[in-house]
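In what follows, a structure is listed as structure tokens, so that the remarks can point back to it.
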Amino acid sequence: MQVMKFGGTSVQDATAINRVIEILRQQQTQSTIVVSAFATITNHLSELIESLKQQNISAAESHINYIHNRHLTISQDLNLESEIFCFIEEMTEELKQIVLASKILGEVTPRSIDSIMSYGERLSSYIIYHAMKNAGISISHIDARQIIKTDSNYSEAEVRITDTTQAIEQFCKPLFSNHDVVITGGFIGSDSSGNTTTLGRGGSDYSAAIIAAALNADRLEIWTDVDGIMTSDPRIIHDAKQILCLTYDEAAELAYFGAKVLHPKTIYPAVENQIPVFVKNTFNPDFPGTKIINFSKNNKMIKAIAFRPGITVININSNRMLGAYGFLSNVFNVFEKHKTSVDLVTTSEVNISLTVDDDKNLPLIISDLNKFAKISVQKEMAIISAIGEGIRNTAGISSRLFGVLKGINISMVSIGASEVNLSIIVNENDMIEAIRLLHNEFLASLPHSEIFREITKTDTE
Ligand code: ADP
Ligand code: ASP
Ligand code: MG
């Protein structure tokens with residue numbers, strides 16, 4: 001049993017979907033397919049919500065028209081029959097009703113936001129299901145809301161693992177007694193009242209990982225539009241190289257610190273169940289891609305540079321910290337109270353600096369912190385993370401890193417928190433320059449074989 005997830009670009013049009021069908025035909029084992037919305041559809045849904053918030057009904061309607069026409073065209077190009085056209089009409093009508101209700105209500109509730117955001121995957125998974133069935137694949141479709149059970153934290157719902165595993169056991173597994181393939185949409189789930197929820201942008205990877213864990217799959221494949229995980233984002237670093245093998249720790253840190261190719265939560269379900277993860281290119285299916293497992297030969301290296309702009313640094317200064325216990329916990333209680341997660345923390349005798357990327361509740365956080373400390377805030381900052389087992393295993397990496405960045409102002413440094421991650425905070429304006437310098441220093445000049453090498457178990461023994 002394997003789980004294969006195909007992202008938005010991989011299913012962007014009929015040609016791409018036919019390519020996915022060809023990939024599926026090559027498979028020898030039972031497969032669960034998790035698909036994203038067709039490329040850009042979720043962005044349109046998100047813009048539709050923005051138009052609704054501004055009560056710009058004509059803009060909202062034009063997004064609905066675009067979404068309707070795009071699905072219709074893809075279905076026509078796939079030669080699908082009338083039932084799919086009825087389905088598209090029904091879904092479009094439902095979306096229009098939600099728009100109408102929001103117009104009357106004068107607001108868009110978090111619940112209706114998730115309901116709107118779910119249409120991309122609900123439409124794509126059903127259309128692709130019909131295309132695969134017509135292509136002769138023995139396949140069944142399941143609505144993801146039936147199996148992915150979450151809390152009610154709309155837009156960033158947490159998966160309730162036990163209920164989800166049970167639902168997959170009950171509703172998904174039996175489908176394999178009559179079919180080789182089961183398809184579902186990523187990104188969406190439902191809460192205990194049956195309301196539709198979503199797992200956060202890019203969440204289809206996470207859906208696939210959760211399903212792989214629940215089915216105890218032999219492998220999880222993330223099919224996307226690049227040759228695997230690269231040494232940095234190829235859109236910025238044009239000579240980025242493809243990495244053949246990463247450890248779970250390295251992949252988890254890379255995803256968490258900004259490499260969009262994997263949703264940050266993807267790795268954990270796989271690690272817990274020791275499921276190997278493969279990142280592969282739908283447009284170059286014979287290329288081996290990146291394998292993520294528990295061991296790696298090249299453990300003396302930095303393997304990738306990840307980054308995340310839009311970071312806020314909060315500096316907390318107080319003499320009361322000196323020799324006092326409980327100070328840090330007071331600080332973190334404030335962040336917990338305002339449901340804001342902290343990414344990096346550094347402390348000195350009288351100062352704590354920490355970073356957040358969600359500054360929605362920043363004014364409230366600052367007002368609470370001001371009650372017991374002096375606060376200063378730096379906005380428009382970026383985290384850059386050098387990632388690799390080499391950080392834990394090799395002396396001198398940090399001095400090389402600071403040496404190469406000597407012309408750039410570094411506001412914060414965090415080494416050793418995860419052992420495979422060395423993160424720094426710089427001004428957003430310096431971010432690209434710093435990434436290029438680091439990539440050149442640590443990765444660009446390495447012989448290909450160091451990174452492109454396939455790793456086998458005997459290599460590590
Ligand atoms: P999908 O729609 O298949 O989920 P995404 O757009 O979410 O695809 O992720 C793939 C993209 O991630 C790539 O096109 C690439 O631009 C970007 N990316 C960022 N960092 C990396 C990296 N280190 N390696 C590979 N791709 C990366
Ligand atoms: N369609 C969703 C998004 O664009 C989820 C995903 O593609 O993973 O964010
Ligand atoms: Mg993605």
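Each chain in the structure tokens gets a letter, A, B, ..., in the order shown, and its residues are numbered from 1; ligands are numbered from 1 in order too.
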Subject >> Contacts with ligand 3 at most 10 Å, only C-alpha atoms and all ligand atoms counted, listed as an NGL selection string >> reply: :A and (5-9 or 36 or 201-206 or 222-225 or 259-263)
Prev. selection, C-alpha atoms, output as a short mmCIF file (atom, residue, chain, number, x, y, z; two decimals), in the first residue's frame:
data_model
loop_
_atom_site.label_atom_id
_atom_site.label_comp_id
_atom_site.auth_asym_id
_atom_site.auth_seq_id
_atom_site.Cartn_x
_atom_site.Cartn_y
_atom_site.Cartn_z
CA LYS A 5 -0.12 13.05 -3.34
CA PHE A 6 -0.31 15.19 -6.47
CA GLY A 7 -0.04 18.97 -6.00
CA GLY A 8 -1.86 21.77 -7.82
CA THR A 9 0.50 22.09 -10.79
CA SER A 36 -4.81 19.26 -4.45
CA ARG A 201 -2.36 26.47 2.93
CA GLY A 202 -0.32 23.70 1.35
CA GLY A 203 -2.03 21.22 3.68
CA SER A 204 -2.59 18.44 1.14
CA ASP A 205 0.89 17.09 1.89
CA TYR A 206 -0.16 16.78 5.52
CA ILE A 222 4.73 13.67 -2.73
CA TRP A 223 4.50 14.42 -6.45
CA THR A 224 5.18 18.03 -7.36
CA ASP A 225 6.65 20.29 -10.06
CA ALA A 259 10.83 25.17 1.99
CA LYS A 260 7.40 25.30 0.39
CA VAL A 261 7.90 21.95 -1.30
CA LEU A 262 6.65 20.19 1.87
CA HIS A 263 3.99 21.37 4.31
#
Subject >> Long-range neighbours of segment 81-89 of chain A as a ChimeraX atom specification, 12 Å cut-off, only C-alpha atoms, 2 positions minimum in chain >> reply: /A:64-65,67-79,91-96,119-120,122-131,133-134
Same residues, N, CA and C atoms, output as a CSV table (one decimal), in the first residue's frame:
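Below is the file selection_13.csv, written as the result:
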chain,number,residue,atom,x,y,z
A,64,ILE,N,-16.1,33.3,-9.0
A,64,ILE,CA,-16.9,32.1,-9.1
A,64,ILE,C,-17.0,31.7,-10.6
A,65,ASN,N,-17.2,32.7,-11.5
A,65,ASN,CA,-17.2,32.4,-12.9
A,65,ASN,C,-15.9,31.8,-13.4
A,67,ILE,N,-13.8,30.1,-11.6
A,67,ILE,CA,-13.6,28.7,-11.1
A,67,ILE,C,-14.6,27.8,-11.8
A,68,HIS,N,-15.8,28.2,-12.1
A,68,HIS,CA,-16.7,27.4,-12.8
A,68,HIS,C,-16.2,27.0,-14.2
A,69,ASN,N,-15.7,28.1,-15.0
A,69,ASN,CA,-15.3,27.8,-16.3
A,69,ASN,C,-14.0,27.0,-16.4
A,70,ARG,N,-13.1,27.2,-15.5
A,70,ARG,CA,-11.9,26.4,-15.4
A,70,ARG,C,-12.2,24.9,-15.3
A,71,HIS,N,-13.1,24.6,-14.3
A,71,HIS,CA,-13.5,23.2,-14.1
A,71,HIS,C,-14.2,22.6,-15.3
A,72,LEU,N,-15.1,23.4,-15.8
A,72,LEU,CA,-15.8,22.9,-17.0
A,72,LEU,C,-14.9,22.6,-18.2
A,73,THR,N,-13.9,23.5,-18.4
A,73,THR,CA,-13.0,23.3,-19.5
A,73,THR,C,-12.1,22.1,-19.3
A,74,ILE,N,-11.6,21.9,-18.1
A,74,ILE,CA,-10.8,20.7,-17.8
A,74,ILE,C,-11.6,19.4,-18.0
A,75,SER,N,-12.9,19.5,-17.5
A,75,SER,CA,-13.7,18.3,-17.7
A,75,SER,C,-14.0,18.0,-19.2
A,76,GLN,N,-14.3,19.1,-19.9
A,76,GLN,CA,-14.5,18.8,-21.4
A,76,GLN,C,-13.2,18.3,-22.0
A,77,ASP,N,-12.1,18.8,-21.7
A,77,ASP,CA,-10.8,18.4,-22.3
A,77,ASP,C,-10.6,16.9,-21.9
A,78,LEU,N,-11.1,16.5,-20.8
A,78,LEU,CA,-10.9,15.1,-20.3
A,78,LEU,C,-12.1,14.2,-20.9
A,79,ASN,N,-12.9,14.7,-21.7
A,79,ASN,CA,-14.0,14.0,-22.3
A,79,ASN,C,-14.9,13.4,-21.2
A,91,MET,N,-22.1,22.5,-7.5
A,91,MET,CA,-21.0,23.1,-6.6
A,91,MET,C,-21.0,24.6,-6.8
A,92,THR,N,-21.1,25.0,-8.1
A,92,THR,CA,-21.1,26.5,-8.3
A,92,THR,C,-22.3,27.1,-7.7
A,93,GLU,N,-23.4,26.5,-7.8
A,93,GLU,CA,-24.7,27.0,-7.2
A,93,GLU,C,-24.5,27.1,-5.7
A,94,GLU,N,-23.9,26.1,-5.1
A,94,GLU,CA,-23.7,26.1,-3.6
A,94,GLU,C,-22.8,27.3,-3.2
A,95,LEU,N,-21.7,27.5,-4.0
A,95,LEU,CA,-20.8,28.7,-3.7
A,95,LEU,C,-21.6,30.0,-3.8
A,96,LYS,N,-22.4,30.1,-4.8
A,96,LYS,CA,-23.2,31.3,-5.0
A,96,LYS,C,-24.1,31.5,-3.8
A,119,TYR,N,-13.8,24.1,-1.7
A,119,TYR,CA,-14.4,23.7,-3.0
A,119,TYR,C,-13.3,23.2,-4.0
A,120,GLY,N,-12.1,23.8,-4.0
A,120,GLY,CA,-11.1,23.4,-4.9
A,120,GLY,C,-10.8,21.9,-4.9
A,122,ARG,N,-12.6,19.6,-3.4
A,122,ARG,CA,-13.8,18.8,-3.6
A,122,ARG,C,-14.1,18.6,-5.1
A,123,LEU,N,-13.9,19.7,-5.8
A,123,LEU,CA,-14.1,19.6,-7.3
A,123,LEU,C,-13.0,18.8,-7.9
A,124,SER,N,-11.8,19.1,-7.6
A,124,SER,CA,-10.7,18.4,-8.3
A,124,SER,C,-10.7,16.9,-8.1
A,125,SER,N,-10.9,16.5,-6.8
A,125,SER,CA,-10.8,15.1,-6.6
A,125,SER,C,-11.9,14.3,-7.3
A,126,TYR,N,-13.1,14.9,-7.4
A,126,TYR,CA,-14.2,14.2,-8.1
A,126,TYR,C,-14.0,14.1,-9.6
A,127,ILE,N,-13.5,15.2,-10.1
A,127,ILE,CA,-13.3,15.3,-11.6
A,127,ILE,C,-12.2,14.3,-12.0
A,128,ILE,N,-11.1,14.3,-11.1
A,128,ILE,CA,-10.0,13.4,-11.5
A,128,ILE,C,-10.4,11.9,-11.3
A,129,TYR,N,-11.2,11.7,-10.2
A,129,TYR,CA,-11.8,10.3,-10.0
A,129,TYR,C,-12.5,9.8,-11.3
A,130,HIS,N,-13.3,10.7,-11.9
A,130,HIS,CA,-14.0,10.3,-13.1
A,130,HIS,C,-13.1,10.1,-14.3
A,131,ALA,N,-12.1,10.9,-14.3
A,131,ALA,CA,-11.1,10.7,-15.4
A,131,ALA,C,-10.4,9.4,-15.3
A,133,LYS,N,-11.4,6.7,-13.7
A,133,LYS,CA,-12.4,5.6,-13.9
A,133,LYS,C,-12.5,5.4,-15.4
A,134,ASN,N,-12.7,6.5,-16.1
A,134,ASN,CA,-12.9,6.4,-17.6
A,134,ASN,C,-11.7,5.8,-18.2
Subject >> Filtered DSSP result for segment 54-139 of chain A, state helix (DSSP H, G or I), as a PyMOL selection string >> reply: chain A and resi 57-77+82-105+110-117+119-134
Requested write-out: C-alpha atoms of the selected residues, as a JSON list (two decimals), in the first residue's frame:
[["chain", "number", "residue", "atom", "x", "y", "z"],
["A", 57, "ILE", "CA", -20.06, 41.17, -4.82],
["A", 58, "SER", "CA", -19.23, 41.64, -8.50],
["A", 59, "ALA", "CA", -15.57, 40.73, -7.84],
["A", 60, "ALA", "CA", -16.74, 37.68, -5.87],
["A", 61, "GLU", "CA", -18.97, 36.65, -8.78],
["A", 62, "SER", "CA", -16.16, 36.98, -11.28],
["A", 63, "HIS", "CA", -14.02, 34.59, -9.18],
["A", 64, "ILE", "CA", -16.91, 32.11, -9.14],
["A", 65, "ASN", "CA", -17.24, 32.41, -12.91],
["A", 66, "TYR", "CA", -13.53, 31.78, -13.37],
["A", 67, "ILE", "CA", -13.64, 28.74, -11.08],
["A", 68, "HIS", "CA", -16.74, 27.39, -12.85],
["A", 69, "ASN", "CA", -15.28, 27.84, -16.34],
["A", 70, "ARG", "CA", -11.90, 26.37, -15.44],
["A", 71, "HIS", "CA", -13.45, 23.16, -14.08],
["A", 72, "LEU", "CA", -15.81, 22.93, -17.01],
["A", 73, "THR", "CA", -12.97, 23.32, -19.54],
["A", 74, "ILE", "CA", -10.79, 20.71, -17.82],
["A", 75, "SER", "CA", -13.72, 18.27, -17.69],
["A", 76, "GLN", "CA", -14.49, 18.85, -21.36],
["A", 77, "ASP", "CA", -10.83, 18.35, -22.27],
["A", 82, "SER", "CA", -22.85, 14.91, -18.29],
["A", 83, "GLU", "CA", -22.86, 13.80, -14.63],
["A", 84, "ILE", "CA", -19.67, 15.74, -14.01],
["A", 85, "PHE", "CA", -21.17, 18.82, -15.63],
["A", 86, "CYS", "CA", -24.19, 18.56, -13.29],
["A", 87, "PHE", "CA", -21.81, 18.19, -10.36],
["A", 88, "ILE", "CA", -19.89, 21.34, -11.37],
["A", 89, "GLU", "CA", -23.17, 23.26, -11.74],
["A", 90, "GLU", "CA", -24.31, 22.09, -8.29],
["A", 91, "MET", "CA", -21.04, 23.06, -6.64],
["A", 92, "THR", "CA", -21.10, 26.47, -8.35],
["A", 93, "GLU", "CA", -24.66, 27.01, -7.19],
["A", 94, "GLU", "CA", -23.66, 26.14, -3.61],
["A", 95, "LEU", "CA", -20.81, 28.65, -3.75],
["A", 96, "LYS", "CA", -23.22, 31.31, -5.01],
["A", 97, "GLN", "CA", -25.55, 30.55, -2.10],
["A", 98, "ILE", "CA", -22.71, 31.03, 0.39],
["A", 99, "VAL", "CA", -21.88, 34.36, -1.26],
["A", 100, "LEU", "CA", -25.52, 35.39, -1.03],
["A", 101, "ALA", "CA", -25.72, 34.38, 2.64],
["A", 102, "SER", "CA", -22.57, 36.36, 3.46],
["A", 103, "LYS", "CA", -23.98, 39.36, 1.62],
["A", 104, "ILE", "CA", -27.17, 39.24, 3.68],
["A", 105, "LEU", "CA", -25.27, 38.59, 6.92],
["A", 110, "PRO", "CA", -14.53, 31.58, 9.89],
["A", 111, "ARG", "CA", -16.79, 28.59, 9.27],
["A", 112, "SER", "CA", -17.94, 29.86, 5.88],
["A", 113, "ILE", "CA", -14.35, 30.76, 4.97],
["A", 114, "ASP", "CA", -13.34, 27.11, 5.34],
["A", 115, "SER", "CA", -16.43, 25.97, 3.55],
["A", 116, "ILE", "CA", -15.53, 28.21, 0.57],
["A", 117, "MET", "CA", -11.84, 27.18, 0.64],
["A", 119, "TYR", "CA", -14.37, 23.72, -3.04],
["A", 120, "GLY", "CA", -11.06, 23.40, -4.90],
["A", 121, "GLU", "CA", -10.23, 19.94, -3.56],
["A", 122, "ARG", "CA", -13.85, 18.79, -3.56],
["A", 123, "LEU", "CA", -14.12, 19.61, -7.27],
["A", 124, "SER", "CA", -10.67, 18.42, -8.35],
["A", 125, "SER", "CA", -10.82, 15.07, -6.56],
["A", 126, "TYR", "CA", -14.19, 14.18, -8.05],
["A", 127, "ILE", "CA", -13.27, 15.26, -11.59],
["A", 128, "ILE", "CA", -9.96, 13.36, -11.45],
["A", 129, "TYR", "CA", -11.79, 10.33, -10.03],
["A", 130, "HIS", "CA", -14.03, 10.27, -13.10],
["A", 131, "ALA", "CA", -11.10, 10.75, -15.44],
["A", 132, "MET", "CA", -9.26, 7.81, -13.85],
["A", 133, "LYS", "CA", -12.36, 5.63, -13.88],
["A", 134, "ASN", "CA", -12.88, 6.39, -17.58]]
Skip Ile387 of chain A itself and residues of its chain fewer than 5 positions away, then list as a PDB file with all heavy atoms, in the first residue's frame all residues within 9 Å of it, counting only C-alpha atoms.
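Resulting contents of part33.pdb:
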ATOM      1  N   GLU A 250      16.176  16.427   9.006  1.00  0.00           N
ATOM      2  CA  GLU A 250      16.539  17.485   8.056  1.00  0.00           C
ATOM      3  C   GLU A 250      15.303  17.941   7.269  1.00  0.00           C
ATOM      4  O   GLU A 250      15.073  19.143   7.106  1.00  0.00           O
ATOM      5  CB  GLU A 250      17.605  16.971   7.081  1.00  0.00           C
ATOM      6  CG  GLU A 250      18.971  16.760   7.719  1.00  0.00           C
ATOM      7  CD  GLU A 250      19.946  16.040   6.782  1.00  0.00           C
ATOM      8  OE1 GLU A 250      19.514  15.227   5.938  1.00  0.00           O
ATOM      9  OE2 GLU A 250      21.152  16.274   6.906  1.00  0.00           O
ATOM     10  N   ALA A 251      14.513  16.991   6.807  1.00  0.00           N
ATOM     11  CA  ALA A 251      13.343  17.351   6.000  1.00  0.00           C
ATOM     12  C   ALA A 251      12.330  18.132   6.837  1.00  0.00           C
ATOM     13  O   ALA A 251      11.732  19.111   6.370  1.00  0.00           O
ATOM     14  CB  ALA A 251      12.698  16.095   5.417  1.00  0.00           C
ATOM     15  N   GLU A 253      12.907  20.053   9.432  1.00  0.00           N
ATOM     16  CA  GLU A 253      13.406  21.413   9.672  1.00  0.00           C
ATOM     17  C   GLU A 253      13.280  22.264   8.411  1.00  0.00           C
ATOM     18  O   GLU A 253      12.883  23.420   8.463  1.00  0.00           O
ATOM     19  CB  GLU A 253      14.876  21.373  10.104  1.00  0.00           C
ATOM     20  CG  GLU A 253      15.089  20.772  11.465  1.00  0.00           C
ATOM     21  CD  GLU A 253      14.602  21.680  12.606  1.00  0.00           C
ATOM     22  OE1 GLU A 253      14.810  22.900  12.539  1.00  0.00           O
ATOM     23  OE2 GLU A 253      14.022  21.140  13.565  1.00  0.00           O
ATOM     24  N   LEU A 254      13.621  21.662   7.275  1.00  0.00           N
ATOM     25  CA  LEU A 254      13.518  22.388   6.004  1.00  0.00           C
ATOM     26  C   LEU A 254      12.093  22.857   5.759  1.00  0.00           C
ATOM     27  O   LEU A 254      11.851  24.007   5.398  1.00  0.00           O
ATOM     28  CB  LEU A 254      13.872  21.420   4.872  1.00  0.00           C
ATOM     29  CG  LEU A 254      15.159  21.638   4.131  1.00  0.00           C
ATOM     30  CD1 LEU A 254      15.433  20.477   3.209  1.00  0.00           C
ATOM     31  CD2 LEU A 254      15.083  22.921   3.337  1.00  0.00           C
ATOM     32  N   MET A 301      27.488  17.288   6.261  1.00  0.00           N
ATOM     33  CA  MET A 301      27.219  18.406   5.365  1.00  0.00           C
ATOM     34  C   MET A 301      26.046  19.261   5.801  1.00  0.00           C
ATOM     35  O   MET A 301      25.146  18.797   6.478  1.00  0.00           O
ATOM     36  CB  MET A 301      26.844  17.847   3.982  1.00  0.00           C
ATOM     37  CG  MET A 301      27.965  17.202   3.245  1.00  0.00           C
ATOM     38  SD  MET A 301      27.282  16.366   1.831  1.00  0.00           S
ATOM     39  CE  MET A 301      26.495  17.738   1.028  1.00  0.00           C
ATOM     40  N   ILE A 302      26.090  20.508   5.316  1.00  0.00           N
ATOM     41  CA  ILE A 302      24.858  21.289   5.258  1.00  0.00           C
ATOM     42  C   ILE A 302      24.231  20.911   3.932  1.00  0.00           C
ATOM     43  O   ILE A 302      24.899  20.868   2.905  1.00  0.00           O
ATOM     44  CB  ILE A 302      25.195  22.795   5.322  1.00  0.00           C
ATOM     45  CG1 ILE A 302      25.480  23.156   6.767  1.00  0.00           C
ATOM     46  CG2 ILE A 302      24.050  23.621   4.771  1.00  0.00           C
ATOM     47  CD1 ILE A 302      25.714  24.611   7.007  1.00  0.00           C
ATOM     48  N   LYS A 303      22.964  20.574   3.956  1.00  0.00           N
ATOM     49  CA  LYS A 303      22.365  20.090   2.702  1.00  0.00           C
ATOM     50  C   LYS A 303      21.453  21.123   2.050  1.00  0.00           C
ATOM     51  O   LYS A 303      21.144  21.014   0.867  1.00  0.00           O
ATOM     52  CB  LYS A 303      21.555  18.824   2.979  1.00  0.00           C
ATOM     53  CG  LYS A 303      22.409  17.698   3.531  1.00  0.00           C
ATOM     54  CD  LYS A 303      22.012  16.351   2.966  1.00  0.00           C
ATOM     55  CE  LYS A 303      22.770  15.244   3.651  1.00  0.00           C
ATOM     56  NZ  LYS A 303      22.075  14.761   4.839  1.00  0.00           N
ATOM     57  N   ALA A 304      20.950  22.094   2.819  1.00  0.00           N
ATOM     58  CA  ALA A 304      20.024  23.029   2.194  1.00  0.00           C
ATOM     59  C   ALA A 304      19.936  24.325   2.984  1.00  0.00           C
ATOM     60  O   ALA A 304      20.247  24.367   4.174  1.00  0.00           O
ATOM     61  CB  ALA A 304      18.636  22.399   2.095  1.00  0.00           C
ATOM     62  N   ILE A 305      19.495  25.362   2.282  1.00  0.00           N
ATOM     63  CA  ILE A 305      19.257  26.660   2.918  1.00  0.00           C
ATOM     64  C   ILE A 305      17.774  26.980   2.739  1.00  0.00           C
ATOM     65  O   ILE A 305      17.292  27.086   1.620  1.00  0.00           O
ATOM     66  CB  ILE A 305      20.083  27.791   2.234  1.00  0.00           C
ATOM     67  CG1 ILE A 305      21.553  27.402   2.026  1.00  0.00           C
ATOM     68  CG2 ILE A 305      19.934  29.101   2.998  1.00  0.00           C
ATOM     69  CD1 ILE A 305      22.397  27.345   3.267  1.00  0.00           C
ATOM     70  N   ALA A 306      17.067  27.092   3.860  1.00  0.00           N
ATOM     71  CA  ALA A 306      15.643  27.458   3.793  1.00  0.00           C
ATOM     72  C   ALA A 306      15.488  28.892   4.290  1.00  0.00           C
ATOM     73  O   ALA A 306      16.385  29.423   4.948  1.00  0.00           O
ATOM     74  CB  ALA A 306      14.824  26.512   4.656  1.00  0.00           C
ATOM     75  N   VAL A 420      20.216  20.053  13.867  1.00  0.00           N
ATOM     76  CA  VAL A 420      20.486  20.003  12.423  1.00  0.00           C
ATOM     77  C   VAL A 420      20.160  21.339  11.767  1.00  0.00           C
ATOM     78  O   VAL A 420      20.054  21.432  10.550  1.00  0.00           O
ATOM     79  CB  VAL A 420      19.710  18.856  11.716  1.00  0.00           C
ATOM     80  CG1 VAL A 420      20.112  17.510  12.281  1.00  0.00           C
ATOM     81  CG2 VAL A 420      18.211  19.057  11.776  1.00  0.00           C
ATOM     82  N   ASN A 421      19.977  22.371  12.581  1.00  0.00           N
ATOM     83  CA  ASN A 421      19.524  23.644  12.051  1.00  0.00           C
ATOM     84  C   ASN A 421      20.298  24.787  12.688  1.00  0.00           C
ATOM     85  O   ASN A 421      20.382  24.878  13.904  1.00  0.00           O
ATOM     86  CB  ASN A 421      18.025  23.765  12.379  1.00  0.00           C
ATOM     87  CG  ASN A 421      17.436  25.101  11.978  1.00  0.00           C
ATOM     88  OD1 ASN A 421      18.136  26.097  11.832  1.00  0.00           O
ATOM     89  ND2 ASN A 421      16.138  25.126  11.813  1.00  0.00           N
ATOM     90  N   LEU A 422      20.867  25.625  11.839  1.00  0.00           N
ATOM     91  CA  LEU A 422      21.518  26.827  12.342  1.00  0.00           C
ATOM     92  C   LEU A 422      20.758  27.991  11.698  1.00  0.00           C
ATOM     93  O   LEU A 422      20.770  28.144  10.483  1.00  0.00           O
ATOM     94  CB  LEU A 422      22.979  26.805  11.908  1.00  0.00           C
ATOM     95  CG  LEU A 422      23.951  27.765  12.569  1.00  0.00           C
ATOM     96  CD1 LEU A 422      25.374  27.353  12.271  1.00  0.00           C
ATOM     97  CD2 LEU A 422      23.722  29.187  12.169  1.00  0.00           C
ATOM     98  N   SER A 423      20.050  28.751  12.531  1.00  0.00           N
ATOM     99  CA  SER A 423      19.193  29.804  11.965  1.00  0.00           C
ATOM    100  C   SER A 423      19.687  31.184  12.355  1.00  0.00           C
ATOM    101  O   SER A 423      20.146  31.395  13.475  1.00  0.00           O
ATOM    102  CB  SER A 423      17.753  29.647  12.471  1.00  0.00           C
ATOM    103  OG  SER A 423      17.158  28.530  11.884  1.00  0.00           O
TER     104      SER A 423
END
Original post:
For Val342 of chain A, which of A:Ile365, A:Leu24, A:Asn429, A:Gly326 is the closest residue, counting only C-alpha atoms?
Top reply: A:Ile365
Original post:
Near Asn294 of chain A, within 8 Å and counting only C-alpha atoms, which residues show up once chain neighbours fewer than 4 positions away are dropped, as a count of residues only?
Top reply: 3
Could you give me, as a CSV table (one decimal) with all heavy atoms, in the first residue's frame, the residues within 9 Å of Val20 of chain A, counting only C-alpha atoms and dropping anything in the same chain fewer than 3 positions from it?
chain,number,residue,atom,x,y,z
A,6,PHE,N,-0.6,14.4,-5.3
A,6,PHE,CA,-0.3,15.2,-6.5
A,6,PHE,C,-0.7,16.6,-6.2
A,6,PHE,O,-1.9,16.9,-5.9
A,6,PHE,CB,-1.0,14.6,-7.7
A,6,PHE,CG,-0.5,13.3,-8.1
A,6,PHE,CD1,-1.0,12.1,-7.6
A,6,PHE,CD2,0.6,13.2,-9.0
A,6,PHE,CE1,-0.5,10.9,-8.0
A,6,PHE,CE2,1.2,12.0,-9.3
A,6,PHE,CZ,0.6,10.8,-8.8
A,10,SER,N,0.6,19.7,-10.7
A,10,SER,CA,0.5,18.3,-11.2
A,10,SER,C,-0.8,18.0,-11.8
A,10,SER,O,-1.0,17.0,-12.5
A,10,SER,CB,0.9,17.3,-10.1
A,10,SER,OG,2.2,17.6,-9.6
A,11,VAL,N,-1.9,18.7,-11.4
A,11,VAL,CA,-3.2,18.5,-11.9
A,11,VAL,C,-3.8,19.8,-12.5
A,11,VAL,O,-5.0,20.0,-12.4
A,11,VAL,CB,-4.1,17.9,-10.8
A,11,VAL,CG1,-3.7,16.5,-10.4
A,11,VAL,CG2,-4.2,18.8,-9.6
A,15,THR,N,-4.0,17.8,-19.7
A,15,THR,CA,-2.7,17.2,-20.0
A,15,THR,C,-2.0,16.7,-18.8
A,15,THR,O,-1.5,15.5,-18.7
A,15,THR,CB,-1.8,18.2,-20.8
A,15,THR,OG1,-2.6,18.9,-21.7
A,15,THR,CG2,-0.6,17.5,-21.4
A,16,ALA,N,-2.0,17.5,-17.7
A,16,ALA,CA,-1.3,17.1,-16.5
A,16,ALA,C,-2.0,15.9,-15.9
A,16,ALA,O,-1.4,15.0,-15.4
A,16,ALA,CB,-1.3,18.3,-15.5
A,17,ILE,N,-3.4,16.0,-15.9
A,17,ILE,CA,-4.1,14.9,-15.2
A,17,ILE,C,-3.9,13.6,-16.0
A,17,ILE,O,-3.7,12.5,-15.4
A,17,ILE,CB,-5.6,15.2,-15.2
A,17,ILE,CG1,-5.8,16.4,-14.2
A,17,ILE,CG2,-6.5,14.0,-14.8
A,17,ILE,CD1,-7.2,17.1,-14.2
A,23,ILE,N,1.2,7.8,-14.7
A,23,ILE,CA,2.1,7.4,-13.6
A,23,ILE,C,1.4,6.4,-12.8
A,23,ILE,O,2.0,5.4,-12.4
A,23,ILE,CB,2.4,8.7,-12.7
A,23,ILE,CG1,3.3,9.7,-13.5
A,23,ILE,CG2,3.0,8.3,-11.4
A,23,ILE,CD1,3.5,11.0,-12.8
A,24,LEU,N,0.1,6.5,-12.6
A,24,LEU,CA,-0.7,5.6,-11.8
A,24,LEU,C,-0.7,4.2,-12.5
A,24,LEU,O,-0.7,3.2,-11.8
A,24,LEU,CB,-2.1,6.1,-11.6
A,24,LEU,CG,-3.0,5.5,-10.6
A,24,LEU,CD1,-2.3,5.5,-9.2
A,24,LEU,CD2,-4.3,6.2,-10.4
A,25,ARG,N,-0.8,4.2,-13.8
A,25,ARG,CA,-0.8,2.9,-14.5
A,25,ARG,C,0.5,2.1,-14.3
A,25,ARG,O,0.5,0.9,-14.4
A,25,ARG,CB,-0.9,3.1,-16.0
A,25,ARG,CG,-2.2,3.5,-16.5
A,25,ARG,CD,-2.2,3.4,-18.0
A,25,ARG,NE,-3.2,4.2,-18.7
A,25,ARG,CZ,-4.5,3.9,-18.7
A,25,ARG,NH1,-4.9,2.8,-18.2
A,25,ARG,NH2,-5.3,4.7,-19.3
A,282,THR,N,6.2,15.2,-11.1
A,282,THR,CA,5.2,14.6,-12.0
A,282,THR,C,5.6,14.8,-13.5
A,282,THR,O,5.2,14.1,-14.4
A,282,THR,CB,3.9,15.4,-11.8
A,282,THR,OG1,3.6,15.4,-10.4
A,282,THR,CG2,2.7,14.8,-12.5
